[in-house]
Amino acid sequence: MNVHSSRYKCTECGKCFGTNQKLTVHNRRSHSGEKSFECTDCRKRFTTSSELIVHSRIHSGEKPFKCHECDKTFSQSTHLNRHMRVHMGDKPYKCSLCNKSFTTSSYLQTHKRSVHSNRRPYDCRYCGKLFKCSIVLKRHVYTHTGAKPYSCRHCSERFTFPLQLTIHLLKSHNEGTWFTCHICQKKFSYNGNLKKHLLRHEDVKSYVCSECPKCFYTASELKRHKPTHSDFKPFCCGLCAKDFKCKYFVPRHFKRCADRLGLCSASIKLR
């Protein structure tokens, strides 16, 4: 038999193979639902070794695909291709409600859920908290389980979130790309923080309070300001029962309260 022939054809997808053995392996991995390849970090299973290799980069932080325009790196070639649209100015997916454009359909769908919808279909099985996106729920669950699936390939450090790993690689191992302000040369590990920083140089305060004339650089600053117009205090210190309007002020007060009572604040969980 000619080893280069493709006489064995998959009846499910039409793909052809040179031997029956290869066809059998293909059927087992692609169509039987069997997942033979297991991740040693999180025990997640995959049907092919290539899928496992791509997945393992989540834990190692490896990003072999580099953008030639800005040196940003990616774990998958598809992510690099999607990123290149940023440099080309290509945003083919437009929101029908506000006309904002996005590079991918997934970004558009996330935008619609987070901005134009109050629906929260994903609930936490530990505390019942509701979320708009499954990825946000997944990260929230880590706060209950204490899971740290992202590991540094240079040392023994592990992290709960991928951004924490990225920052660690930059600061501890000088790996990755800093985002530098072209005005004051201040460096940032996250591009979103650089964008917020630039707003201060440009003195752009786009977020206006509906209750008073005050304006803010970011949505989070406006959100922290909003409770000043209300007497509602939803956040409480678990040690002295003092109430607060903003969650932002609770940790600092909690530490002072614990110190006053002679307790170790690090060993007490904030709720």
# chains A, B, ... in the order shown; residues from 1 in each chain; ligands from 1
call {"tool": "residues_around", "arguments": {"residues": "segment 231-233 of chain A", "least_positions_apart": "3", "cutoff": "12 Å", "atoms": "only C-alpha atoms", "output": "list in words"}}
result
Lys226, Pro227, Thr228, Cys236, Cys237, Ala241, Lys242, Asp243, Phe244, Lys245, Cys246, Lys247, Phe249 and Val250 of chain A
call {"tool": "residues_around", "arguments": {"residues": "Ser172 of chain A", "least_positions_apart": "4", "cutoff": "10 Å", "atoms": "only C-alpha atoms", "output": "CSV table (one decimal) with C-alpha atoms, in the first residue's frame"}}
result
chain,number,residue,atom,x,y,z
A,154,HIS,CA,11.0,31.2,36.6
A,155,CYS,CA,10.2,30.6,40.3
A,167,ILE,CA,3.0,42.1,36.5
A,168,HIS,CA,5.2,39.6,38.4
call {"tool": "select_by_dssp", "arguments": {"residues": "segment 24-255 of chain A", "states": "helix (DSSP H, G or I)", "output": "PyMOL selection string"}}
result
chain A and resi 24-30+49-60+77-88+105-115+134-145+162-173+191-202+219-229+247-255
call {"tool": "write_last_selection", "arguments": {"atoms": "C-alpha atoms", "output": "short mmCIF file (atom, residue, chain, number, x, y, z; two decimals), in the first residue's frame"}}
result
data_model
loop_
_atom_site.label_atom_id
_atom_site.label_comp_id
_atom_site.auth_asym_id
_atom_site.auth_seq_id
_atom_site.Cartn_x
_atom_site.Cartn_y
_atom_site.Cartn_z
CA THR A 24 -8.92 5.43 14.51
CA VAL A 25 -6.83 7.87 16.58
CA HIS A 26 -8.53 10.82 14.85
CA ASN A 27 -12.01 9.44 15.56
CA ARG A 28 -11.15 8.82 19.21
CA ARG A 29 -9.76 12.32 19.75
CA SER A 30 -12.12 14.36 17.59
CA SER A 49 -1.79 17.35 22.63
CA SER A 50 -1.80 20.64 20.68
CA GLU A 51 -4.82 21.84 22.68
CA LEU A 52 -3.00 20.97 25.89
CA ILE A 53 0.14 22.85 24.77
CA VAL A 54 -1.89 26.00 24.07
CA HIS A 55 -3.73 25.67 27.39
CA SER A 56 -0.49 25.15 29.38
CA ARG A 57 0.63 28.65 28.35
CA ILE A 58 -2.09 30.01 30.64
CA HIS A 59 -0.20 28.60 33.63
CA SER A 60 3.35 29.31 32.44
CA SER A 77 -1.44 33.14 16.88
CA THR A 78 -5.17 33.84 16.59
CA HIS A 79 -4.88 36.37 19.43
CA LEU A 80 -2.00 38.08 17.61
CA ASN A 81 -4.04 38.26 14.40
CA ARG A 82 -6.94 39.79 16.31
CA HIS A 83 -4.58 42.29 17.96
CA MET A 84 -3.19 43.41 14.57
CA ARG A 85 -6.60 44.92 13.81
CA VAL A 86 -5.79 47.56 16.44
CA HIS A 87 -2.81 48.78 14.38
CA MET A 88 -4.75 48.58 11.13
CA SER A 105 -17.63 39.93 17.75
CA SER A 106 -16.86 38.61 21.25
CA TYR A 107 -15.79 42.11 22.37
CA LEU A 108 -19.04 43.47 20.94
CA GLN A 109 -21.14 40.88 22.80
CA THR A 110 -19.28 41.59 26.06
CA HIS A 111 -19.87 45.33 25.53
CA LYS A 112 -23.62 44.81 25.01
CA ARG A 113 -23.95 42.69 28.14
CA SER A 114 -21.91 44.98 30.38
CA VAL A 115 -23.15 48.37 29.10
CA SER A 134 -19.02 33.85 32.71
CA ILE A 135 -15.34 34.86 32.72
CA VAL A 136 -15.98 37.38 35.53
CA LEU A 137 -17.81 34.69 37.51
CA LYS A 138 -14.91 32.28 36.98
CA ARG A 139 -12.44 34.79 38.41
CA HIS A 140 -14.78 35.60 41.30
CA VAL A 141 -14.98 31.90 42.29
CA TYR A 142 -11.20 31.93 42.84
CA THR A 143 -11.78 34.26 45.81
CA HIS A 144 -13.79 31.46 47.47
CA THR A 145 -11.60 28.49 46.51
CA PRO A 162 -3.30 36.26 34.69
CA LEU A 163 -2.67 40.00 35.12
CA GLN A 164 -0.98 39.28 38.46
CA LEU A 165 1.36 36.87 36.68
CA THR A 166 2.08 39.43 33.95
CA ILE A 167 2.98 42.08 36.54
CA HIS A 168 5.16 39.60 38.45
CA LEU A 169 7.07 38.66 35.28
CA LEU A 170 7.70 42.33 34.53
CA LYS A 171 8.78 43.38 38.01
CA SER A 172 10.61 40.26 39.20
CA HIS A 173 12.04 38.77 36.01
CA ASN A 191 -2.16 49.34 29.08
CA GLY A 192 -5.50 50.27 30.65
CA ASN A 193 -3.71 52.05 33.48
CA LEU A 194 -1.59 54.00 30.99
CA LYS A 195 -4.74 55.16 29.19
CA LYS A 196 -6.25 56.37 32.48
CA HIS A 197 -2.98 58.12 33.32
CA LEU A 198 -2.92 59.96 29.97
CA LEU A 199 -6.35 61.41 30.69
CA ARG A 200 -4.78 63.35 33.56
CA HIS A 201 -2.16 64.90 31.27
CA GLU A 202 -4.89 65.84 28.81
CA ALA A 219 -15.91 55.74 35.74
CA SER A 220 -14.50 54.20 38.95
CA GLU A 221 -13.83 57.68 40.38
CA LEU A 222 -17.41 58.72 39.60
CA LYS A 223 -18.71 55.51 41.16
CA ARG A 224 -16.79 56.22 44.39
CA HIS A 225 -18.19 59.77 44.43
CA LYS A 226 -21.86 58.81 43.91
CA PRO A 227 -22.51 57.58 47.49
CA THR A 228 -21.74 61.07 48.86
CA HIS A 229 -25.22 62.06 47.67
CA LYS A 247 -16.21 49.71 50.07
CA TYR A 248 -12.97 51.59 49.31
CA PHE A 249 -12.72 52.88 52.92
CA VAL A 250 -13.43 49.58 54.71
CA PRO A 251 -10.01 47.77 54.49
CA ARG A 252 -8.06 50.72 55.92
CA HIS A 253 -10.55 51.15 58.80
CA PHE A 254 -10.63 47.38 59.38
CA LYS A 255 -6.85 47.26 59.82
#
call {"tool": "select_by_dssp", "arguments": {"residues": "segment 165-262 of chain A", "states": "strand (DSSP E)", "output": "list in words"}}
result
Phe179, Thr180, Lys187, Phe188, Tyr207, Val208, Cys215, Phe216, Phe235, Cys236, Asp243 and Phe244 of chain A
call {"tool": "write_last_selection", "arguments": {"atoms": "C-alpha atoms", "output": "mmCIF file, in the first residue's frame"}}
result
data_model
loop_
_atom_site.group_PDB
_atom_site.id
_atom_site.type_symbol
_atom_site.label_atom_id
_atom_site.label_comp_id
_atom_site.auth_asym_id
_atom_site.auth_seq_id
_atom_site.Cartn_x
_atom_site.Cartn_y
_atom_site.Cartn_z
ATOM 1 C CA PHE A 179 3.713 50.661 28.819
ATOM 2 C CA THR A 180 5.463 54.038 29.041
ATOM 3 C CA LYS A 187 5.802 53.080 33.345
ATOM 4 C CA PHE A 188 2.757 50.860 33.676
ATOM 5 C CA TYR A 207 -17.568 61.388 33.652
ATOM 6 C CA VAL A 208 -20.033 63.933 35.079
ATOM 7 C CA CYS A 215 -16.439 65.759 36.824
ATOM 8 C CA PHE A 216 -14.062 62.788 36.948
ATOM 9 C CA PHE A 235 -20.583 48.312 53.827
ATOM 10 C CA CYS A 236 -19.870 47.328 57.416
ATOM 11 C CA ASP A 243 -21.075 51.456 58.464
ATOM 12 C CA PHE A 244 -19.550 52.977 55.320
#
call {"tool": "closest_residue", "arguments": {"among": "A:Asp259, A:Asp123, A:Glu12, A:Glu175", "to": "Cys152 of chain A", "atoms": "only C-alpha atoms"}}
result
A:Glu175
